[in-house]
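The data block below is work_30.txt; it holds compact mmCIF, C-alpha atoms.
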```txt
# COMPACT_ATOMS: atom_id res chain seq x y z
CA LEU A 1 0.35 -23.55 5.62
CA ALA A 2 1.81 -26.58 3.85
CA ASN A 3 -1.49 -28.52 3.71
CA ASP A 4 0.35 -31.80 4.37
CA SER A 5 2.63 -31.18 1.37
CA PRO A 6 6.33 -31.92 2.00
CA PHE A 7 7.19 -29.66 -0.96
CA MET A 8 5.37 -26.68 0.56
CA ALA A 9 6.69 -27.39 4.05
CA SER A 10 10.20 -27.19 2.63
CA ALA A 11 9.30 -24.09 0.60
CA VAL A 12 7.93 -22.27 3.65
CA LEU A 13 11.05 -23.07 5.69
CA ARG A 14 13.27 -21.85 2.85
CA GLY A 15 11.13 -18.72 2.59
CA LEU A 16 11.62 -18.01 6.30
CA VAL A 17 15.39 -18.32 5.87
CA GLU A 18 15.45 -16.15 2.72
CA SER A 19 13.46 -13.39 4.44
CA GLY A 20 15.73 -13.43 7.49
CA ASN A 21 12.92 -14.49 9.82
CA LEU A 22 14.60 -17.82 10.61
CA VAL A 23 18.33 -17.78 11.40
CA ARG A 24 20.86 -20.23 12.73
CA ASP A 25 23.16 -19.50 15.66
CA ARG A 26 25.29 -21.62 17.93
CA ASP A 27 22.21 -22.77 19.89
CA GLY A 28 20.32 -23.88 16.78
CA TRP A 29 17.57 -22.30 14.66
CA ARG A 30 15.51 -19.38 15.98
CA PHE A 31 12.94 -16.83 14.78
CA THR A 32 14.27 -13.27 14.66
CA ARG A 33 10.87 -11.63 15.11
CA SER A 34 7.16 -12.25 14.90
CA ILE A 35 6.26 -13.66 11.47
CA ARG A 36 2.50 -13.48 11.74
CA GLY A 37 1.08 -12.38 8.40
CA GLU A 38 4.52 -12.30 6.72
CA VAL A 39 5.14 -15.91 5.72
CA GLN A 40 5.78 -16.70 2.07
CA SER A 41 7.36 -19.57 0.16
CA SER A 42 10.92 -19.64 -1.16
CA GLU A 43 12.02 -18.00 -4.42
CA ARG A 44 12.73 -21.39 -5.96
CA ALA A 45 9.29 -22.74 -5.09
CA ALA A 46 7.67 -19.57 -6.43
CA ASP A 47 9.46 -19.96 -9.77
CA PHE A 48 8.21 -23.52 -10.03
CA LEU A 49 4.64 -22.56 -9.14
CA MET A 50 4.60 -19.66 -11.61
CA ARG A 51 5.25 -22.04 -14.49
CA ARG A 52 2.05 -23.91 -13.60
CA LEU A 53 -0.29 -20.94 -13.96
CA GLU A 54 -1.16 -21.70 -17.57
CA LEU A 55 -2.36 -25.16 -16.54
CA LEU A 56 -5.06 -23.80 -14.23
CA PRO A 57 -8.78 -24.10 -15.04
CA PRO A 58 -10.23 -20.82 -16.40
CA ASP A 59 -12.32 -20.07 -13.29
CA THR A 60 -9.33 -20.51 -10.99
CA LEU A 61 -7.11 -18.35 -13.17
CA GLN A 62 -9.80 -15.65 -13.36
CA LEU A 63 -10.35 -15.69 -9.59
CA ILE A 64 -6.71 -15.37 -8.55
CA SER A 65 -5.89 -12.94 -11.38
CA THR A 66 -8.61 -10.65 -10.02
CA GLY A 67 -7.31 -11.25 -6.50
CA ALA A 68 -3.84 -10.17 -7.61
CA VAL A 69 -5.20 -6.74 -8.55
CA LEU A 70 -6.91 -6.50 -5.16
CA GLY A 71 -3.58 -7.07 -3.40
CA LYS A 72 -1.19 -9.62 -1.92
CA GLU A 73 -4.07 -10.50 0.40
CA PHE A 74 -7.61 -10.37 -0.95
CA GLU A 75 -11.21 -11.07 0.11
CA LEU A 76 -12.70 -14.10 -1.57
CA ASP A 77 -16.19 -12.64 -1.92
CA ILE A 78 -14.96 -9.45 -3.59
CA ALA A 79 -12.68 -11.32 -5.98
CA ALA A 80 -15.49 -13.72 -6.88
CA SER A 81 -17.97 -10.92 -7.52
CA LEU A 82 -15.56 -8.99 -9.74
CA ALA A 83 -14.54 -12.17 -11.58
CA GLY A 84 -18.20 -12.93 -12.32
CA LEU A 85 -18.22 -16.21 -10.38
CA THR A 86 -21.03 -17.62 -8.26
CA SER A 87 -20.24 -18.68 -4.70
CA PRO A 88 -20.04 -22.42 -5.60
CA GLN A 89 -17.83 -21.62 -8.59
CA ALA A 90 -15.56 -19.46 -6.42
CA VAL A 91 -15.22 -22.13 -3.74
CA THR A 92 -14.30 -24.75 -6.35
CA ALA A 93 -11.84 -22.38 -8.04
CA LEU A 94 -10.22 -21.52 -4.71
CA GLN A 95 -9.87 -25.17 -3.80
CA VAL A 96 -7.88 -25.76 -6.98
CA ALA A 97 -5.63 -22.76 -6.24
CA ARG A 98 -4.98 -24.07 -2.74
CA GLN A 99 -4.29 -27.58 -4.00
CA ARG A 100 -1.77 -26.14 -6.45
CA HIS A 101 -0.20 -24.21 -3.53
CA LEU A 102 -0.73 -20.79 -5.08
CA VAL A 103 -2.68 -19.22 -2.22
CA TRP A 104 -3.26 -19.79 1.46
CA LEU A 105 -6.60 -19.27 3.18
CA ARG A 106 -6.74 -17.27 6.40
CA PRO A 107 -8.29 -19.04 9.42
CA ASP A 108 -11.47 -16.94 9.09
CA GLY A 109 -12.05 -18.54 5.69
CA SER A 110 -12.75 -15.23 3.95
CA ARG A 111 -9.30 -13.92 2.99
CA CYS A 112 -6.67 -15.42 0.71
CA VAL A 113 -2.92 -14.74 0.62
CA PHE A 114 -0.55 -15.44 -2.26
CA VAL A 115 2.23 -17.78 -1.18
CA HIS A 116 4.84 -15.53 -2.83
CA ASP A 117 4.97 -12.05 -4.31
CA LYS A 118 6.36 -13.45 -7.57
CA ILE A 119 3.17 -15.42 -8.17
CA ARG A 120 1.08 -12.29 -7.74
CA ALA A 121 3.44 -10.34 -10.02
CA ALA A 122 3.12 -13.00 -12.73
CA LEU A 123 -0.67 -12.82 -12.52
CA LEU A 124 -0.60 -9.02 -12.73
CA ASP A 125 1.56 -9.24 -15.84
CA ARG A 126 -1.21 -11.20 -17.53
CA HIS A 127 -3.43 -8.10 -17.44
CA PRO A 128 -2.83 -5.52 -20.18
CA GLU A 129 -2.33 -2.05 -18.71
CA GLU A 130 -5.76 -0.79 -19.78
CA ASP A 131 -7.53 -3.89 -18.43
CA ARG A 132 -5.75 -3.47 -15.12
CA ARG A 133 -6.86 0.16 -14.87
CA CYS A 134 -10.46 -0.84 -15.59
CA LEU A 135 -10.33 -3.52 -12.92
CA HIS A 136 -8.92 -1.05 -10.37
CA GLU A 137 -11.85 1.26 -11.12
CA LEU A 138 -14.35 -1.58 -10.70
CA ILE A 139 -12.76 -2.43 -7.34
CA ALA A 140 -12.94 1.20 -6.21
CA ARG A 141 -16.60 1.46 -7.23
CA TYR A 142 -17.39 -1.84 -5.49
CA LEU A 143 -15.77 -0.66 -2.25
CA GLN A 144 -17.56 2.70 -2.51
CA GLU A 145 -20.88 0.90 -2.57
CA HIS A 146 -20.26 -2.01 -0.20
CA GLU A 147 -17.44 -0.93 2.16
CA PRO A 148 -17.24 2.90 2.09
CA ASP A 149 -15.19 3.03 5.31
CA ARG A 150 -12.18 1.50 3.54
CA VAL A 151 -11.03 4.91 2.43
CA ALA A 152 -7.35 4.01 1.95
CA ASP A 153 -8.21 1.12 -0.38
CA ILE A 154 -10.72 3.20 -2.33
CA ALA A 155 -8.14 5.96 -2.79
CA TYR A 156 -5.47 3.47 -3.89
CA HIS A 157 -7.66 1.78 -6.49
CA PHE A 158 -9.02 5.02 -7.94
CA ASP A 159 -5.46 6.33 -8.22
CA ALA A 160 -4.27 3.09 -9.85
CA ALA A 161 -7.16 3.43 -12.29
CA GLY A 162 -5.81 6.84 -13.29
CA ASP A 163 -8.70 8.69 -11.64
CA SER A 164 -6.79 10.69 -9.04
CA SER A 165 -9.52 13.31 -8.73
CA SER A 166 -11.99 10.65 -7.49
CA ALA A 167 -9.25 9.33 -5.19
CA PHE A 168 -8.62 12.74 -3.63
CA PRO A 169 -11.28 12.96 -0.87
CA TYR A 170 -10.65 9.38 0.21
CA ALA A 171 -6.88 9.87 0.20
CA MET A 172 -7.12 12.97 2.39
CA GLN A 173 -9.34 11.17 4.87
CA ALA A 174 -7.07 8.11 4.89
CA ALA A 175 -3.95 10.28 5.30
CA GLN A 176 -5.40 12.09 8.29
CA GLN A 177 -6.49 8.81 9.89
CA ALA A 178 -3.04 7.31 9.40
CA ARG A 179 -1.30 10.40 10.73
CA ALA A 180 -3.50 10.39 13.85
CA GLN A 181 -2.36 6.80 14.43
CA TYR A 182 1.31 7.73 13.86
CA ALA A 183 1.37 5.50 10.77
CA PHE A 184 3.46 8.07 8.94
CA GLU A 185 4.53 5.89 6.01
CA ALA A 186 0.92 5.03 5.19
CA ALA A 187 -0.05 8.68 5.63
CA GLU A 188 2.66 9.77 3.17
CA GLN A 189 1.43 7.30 0.55
CA GLN A 190 -2.08 8.69 0.85
CA TYR A 191 -0.93 12.32 0.76
CA LEU A 192 0.96 11.56 -2.44
CA ILE A 193 -2.25 10.22 -3.97
CA ALA A 194 -4.05 13.35 -2.78
CA ASP A 195 -1.28 15.48 -4.27
CA ARG A 196 -1.88 13.93 -7.69
CA GLY A 197 -5.63 14.38 -7.29
CA ALA A 198 -5.30 18.05 -6.36
CA VAL A 199 -3.29 19.08 -9.45
CA SER A 200 -6.30 20.60 -11.20
CA GLY A 201 -8.02 21.69 -8.00
CA ALA A 202 -8.40 25.13 -6.45
CA ALA A 203 -5.37 26.90 -5.01
CA ALA A 204 -6.74 26.47 -1.48
CA THR A 205 -6.95 22.70 -2.00
CA ARG A 206 -3.41 22.48 -3.34
CA TYR A 207 -2.20 24.65 -0.45
CA ARG A 208 -3.75 22.32 2.10
CA VAL A 209 -2.23 19.21 0.56
CA ALA A 210 1.23 20.78 0.19
CA GLN A 211 1.16 22.08 3.77
CA GLU A 212 0.06 18.80 5.35
CA LEU A 213 2.41 16.71 3.23
CA GLY A 214 5.29 19.07 4.03
CA GLU A 215 4.58 18.78 7.76
CA LEU A 216 4.42 14.99 7.54
CA LEU A 217 7.68 14.75 5.61
CA MET A 218 9.32 16.87 8.31
CA LEU A 219 8.07 14.45 10.98
CA ARG A 220 9.58 11.60 8.97
CA GLY A 221 12.96 13.32 8.77
CA ARG A 222 12.65 13.89 5.02
CA TYR A 223 13.81 17.47 5.34
CA GLU A 224 14.68 18.29 1.73
CA ALA A 225 11.36 16.98 0.42
CA SER A 226 9.57 18.70 3.28
CA GLY A 227 11.17 22.03 2.41
CA ALA A 228 10.12 21.72 -1.22
CA LYS A 229 6.49 21.04 -0.26
CA LEU A 230 6.36 23.83 2.32
CA GLU A 231 7.83 26.29 -0.18
CA ALA A 232 5.15 25.20 -2.66
CA ALA A 233 2.53 25.78 0.03
CA GLY A 234 3.98 29.23 0.63
CA ARG A 235 3.50 30.15 -3.01
CA LEU A 236 -0.15 29.08 -2.76
CA ALA A 237 -0.84 30.71 0.60
CA ASN A 238 -3.65 33.23 0.57
CA GLY A 239 -3.54 35.87 3.30
CA THR A 240 -1.06 36.95 5.94
CA LEU A 241 -1.99 34.24 8.44
CA ALA A 242 -1.42 31.42 5.95
CA ARG A 243 1.89 32.92 4.82
CA ALA A 244 3.01 33.36 8.43
CA GLN A 245 2.13 29.75 9.24
CA ILE A 246 4.25 28.47 6.37
CA ARG A 247 7.20 30.69 7.30
CA GLY A 248 6.89 29.37 10.85
CA LYS A 249 6.96 25.77 9.59
CA LEU A 250 10.01 26.55 7.46
CA GLY A 251 11.63 28.01 10.57
CA GLU A 252 10.86 24.80 12.47
CA LEU A 253 12.36 22.80 9.60
CA ALA A 254 15.54 24.92 9.63
CA PHE A 255 15.78 24.46 13.41
CA ARG A 256 15.52 20.67 13.04
CA ARG A 257 18.30 20.78 10.45
CA GLY A 258 20.51 22.76 12.83
CA ASP A 259 20.45 25.93 10.75
CA MET A 260 19.79 28.46 13.52
CA GLU A 261 20.39 31.51 11.33
CA GLN A 262 17.81 30.39 8.77
CA ALA A 263 15.38 29.42 11.52
CA ILE A 264 15.56 32.88 13.12
CA GLU A 265 15.09 34.55 9.75
CA CYS A 266 11.97 32.47 9.02
CA PHE A 267 10.47 33.13 12.46
CA GLU A 268 11.11 36.86 12.12
CA THR A 269 9.50 36.89 8.69
CA ALA A 270 6.47 35.08 10.10
CA LEU A 271 6.14 37.70 12.86
CA ARG A 272 6.40 40.53 10.35
CA GLU A 273 3.66 38.92 8.27
CA LEU A 274 1.43 39.06 11.33
CA GLY A 275 2.27 42.71 11.87
```
Would you kindly transcribe this structure into structure tokens?
Amino acid sequence: LANDSPFMASAVLRGLVESGNLVRDRDGWRFTRSIRGEVQSSERAADFLMRRLELLPPDTLQLISTGAVLGKEFELDIAASLAGLTSPQAVTALQVARQRHLVWLRPDGSRCVFVHDKIRAALLDRHPEEDRRCLHELIARYLQEHEPDRVADIAYHFDAAGDSSSAFPYAMQAAQQARAQYAFEAAEQQYLIADRGAVSGAAATRYRVAQELGELLMLRGRYEASGAKLEAAGRLANGTLARAQIRGKLGELAFRRGDMEQAIECFETALRELG
């Protein structure tokens, strides 16, 4: 990580302490948990490195500025393609960024990681809002063509580009994948993207999103937000079965909150809906 640099070795150690991953007790220093994939430099080192951005060669600045829009971790080949750099130009530009201790290279040699979030934030600030939106759209289109299975990333970049309707189908697919893997936080993020994309959609589409998001929020213990989404789904429900399903979910929500009277009322209403 430090590339034989005493400055970066010190910065990484300080970063581990600042993040709480490295703590001192009576037996000495110890790691509190696995730090794989979570290492970054210290705040002080990041501030110093940020001031050096303007001194970078244009190709290097273009490459890592594009990478910043891709994420904290980005693929070198995608960043190079979007930055308009040839492979030799990208390799040279990356070498400069590594020498200046702005990014680390993963062992596979294809992915780069910013040494600190503040460096990425500073690079993002260099992009005017409209330019950033355009770049997000280019990234989404690139992934659509070259890596269509990365549905969560495609949804994120379309949404960040302000094109939530294009993000919608990918967000729904990503949300369902994440939910099936019990990655509820990731699923919620994708459902929220889908919710924005469904605003101008058909009532049946908005019903589906509201219902699934409401159910997920209930699983996450976000009961107030869950209730609001399920009530919204109830207003969009078409037919007795759909209305009964929503009343049943609201009954389950009331039960989880310990409101037995409300739960019984919802379940009874659901049964009446079914006749």
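Minimum distance to Gln190 (chain A) across A:Val209, A:Leu124, A:Leu85, A:Val69 (counting all atoms listed in the file) occurs at A:Val209.
The coordinates place CA of Asp77 (chain A) at 11.4 Å from CA of Tyr142 (chain A).
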Q.
Report as a PyMOL selection string all protein, DNA and RNA residues lying within 12 Å of region 130-138 of chain A, evaluated on all atoms listed in the file, omitting residues in the same chain fewer than 3 positions from it.
A. chain A and resi 65-71+78-79+81-83+123-127+141-145+153-164+166-167
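Going from CA of Val91 (chain A) to CA of Ile139 (chain A) covers 20.2 Å.
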Q. Within 10 Å of Ala242 (chain A), counting all atoms listed in the file, which residues qualify if same-chain residues fewer than 3 places away don't, as a list in words?
A. Tyr207, Gln211, Ala233, Gly234, Leu236, Ala237, Asn238, Gly239, Gln245, Ile246, Arg247, Gly248, Ala270, Glu273 and Leu274 of chain A
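Summary of the local environment: counting only C-alpha atoms, residues at most 6 Å from region 194-200 of chain A, other than itself and those fewer than 3 positions away along its chain, are A:Ser164, A:Ser165, A:Phe168, A:Ala171, A:Tyr191, A:Arg206.
For the residues A:Met218, A:Ala175, A:Leu271, A:Ala210, ranking by smallest atom-to-atom distance to Leu241 (chain A) using only C-alpha atoms places A:Leu271 first.
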**Q.** Shortest interatomic distance to Gln173 (chain A) - which of A:Arg220, A:Arg257, A:Arg150, A:Arg272, counting all atoms listed in the file
**A.** A:Arg150
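Between CA of Glu188 (chain A) and CA of Ile119 (chain A) the separation is 27.6 Å.
For the residues A:Ile64, A:Ala187, A:Ala178, A:Met172, ranking by smallest atom-to-atom distance to Thr205 (chain A) using all atoms listed in the file places A:Met172 first.
For the residues A:Arg208, A:Gly214, A:Glu231, A:Ala140, ranking by smallest atom-to-atom distance to Tyr170 (chain A) using all atoms listed in the file places A:Ala140 first.
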Write a file for region 191-204 of chain A, containing N, CA, C and O atoms (output as an mmCIF file, in the first residue's frame).
```
data_model
loop_
_atom_site.group_PDB
_atom_site.id
_atom_site.type_symbol
_atom_site.label_atom_id
_atom_site.label_comp_id
_atom_site.auth_asym_id
_atom_site.auth_seq_id
_atom_site.Cartn_x
_atom_site.Cartn_y
_atom_site.Cartn_z
ATOM 1 N N TYR A 191 -34.485 0.243 -4.522
ATOM 2 C CA TYR A 191 -35.924 0.511 -4.551
ATOM 3 C C TYR A 191 -36.205 2.016 -4.568
ATOM 4 O O TYR A 191 -37.164 2.470 -5.200
ATOM 5 N N LEU A 192 -35.379 2.783 -3.883
ATOM 6 C CA LEU A 192 -35.566 4.235 -3.892
ATOM 7 C C LEU A 192 -35.311 4.805 -5.287
ATOM 8 O O LEU A 192 -35.992 5.744 -5.721
ATOM 9 N N ILE A 193 -34.319 4.255 -5.981
ATOM 10 C CA ILE A 193 -34.097 4.661 -7.373
ATOM 11 C C ILE A 193 -35.303 4.293 -8.219
ATOM 12 O O ILE A 193 -35.797 5.090 -9.025
ATOM 13 N N ALA A 194 -35.804 3.063 -8.015
ATOM 14 C CA ALA A 194 -36.978 2.617 -8.772
ATOM 15 C C ALA A 194 -38.189 3.487 -8.465
ATOM 16 O O ALA A 194 -38.992 3.787 -9.358
ATOM 17 N N ASP A 195 -38.303 3.907 -7.222
ATOM 18 C CA ASP A 195 -39.425 4.755 -6.816
ATOM 19 C C ASP A 195 -39.406 6.077 -7.580
ATOM 20 O O ASP A 195 -40.449 6.564 -8.030
ATOM 21 N N ARG A 196 -38.218 6.645 -7.749
ATOM 22 C CA ARG A 196 -38.101 7.890 -8.521
ATOM 23 C C ARG A 196 -38.419 7.631 -9.990
ATOM 24 O O ARG A 196 -39.030 8.462 -10.663
ATOM 25 N N GLY A 197 -38.000 6.462 -10.496
ATOM 26 C CA GLY A 197 -38.226 6.155 -11.897
ATOM 27 C C GLY A 197 -39.664 5.813 -12.233
ATOM 28 O O GLY A 197 -40.065 5.871 -13.391
ATOM 29 N N ALA A 198 -40.437 5.457 -11.186
ATOM 30 C CA ALA A 198 -41.829 5.042 -11.424
ATOM 31 C C ALA A 198 -42.822 6.190 -11.292
ATOM 32 O O ALA A 198 -44.018 5.986 -11.493
ATOM 33 N N VAL A 199 -42.351 7.387 -10.975
ATOM 34 C CA VAL A 199 -43.248 8.518 -10.700
ATOM 35 C C VAL A 199 -44.242 8.751 -11.829
ATOM 36 O O VAL A 199 -45.431 8.986 -11.596
ATOM 37 N N SER A 200 -43.776 8.685 -13.057
ATOM 38 C CA SER A 200 -44.662 8.944 -14.201
ATOM 39 C C SER A 200 -45.178 7.660 -14.841
ATOM 40 O O SER A 200 -45.777 7.690 -15.914
ATOM 41 N N GLY A 201 -44.951 6.532 -14.158
ATOM 42 C CA GLY A 201 -45.363 5.249 -14.716
ATOM 43 C C GLY A 201 -46.824 4.936 -14.436
ATOM 44 O O GLY A 201 -47.551 5.710 -13.792
ATOM 45 N N ALA A 202 -47.255 3.786 -14.887
ATOM 46 C CA ALA A 202 -48.630 3.339 -14.675
ATOM 47 C C ALA A 202 -48.883 3.068 -13.198
ATOM 48 O O ALA A 202 -47.954 2.806 -12.427
ATOM 49 N N ALA A 203 -50.154 3.108 -12.812
ATOM 50 C CA ALA A 203 -50.517 2.878 -11.411
ATOM 51 C C ALA A 203 -50.051 1.511 -10.931
ATOM 52 O O ALA A 203 -49.595 1.362 -9.791
ATOM 53 N N ALA A 204 -50.133 0.507 -11.795
ATOM 54 C CA ALA A 204 -49.712 -0.843 -11.415
ATOM 55 C C ALA A 204 -48.222 -0.891 -11.105
ATOM 56 O O ALA A 204 -47.788 -1.597 -10.179
#
```
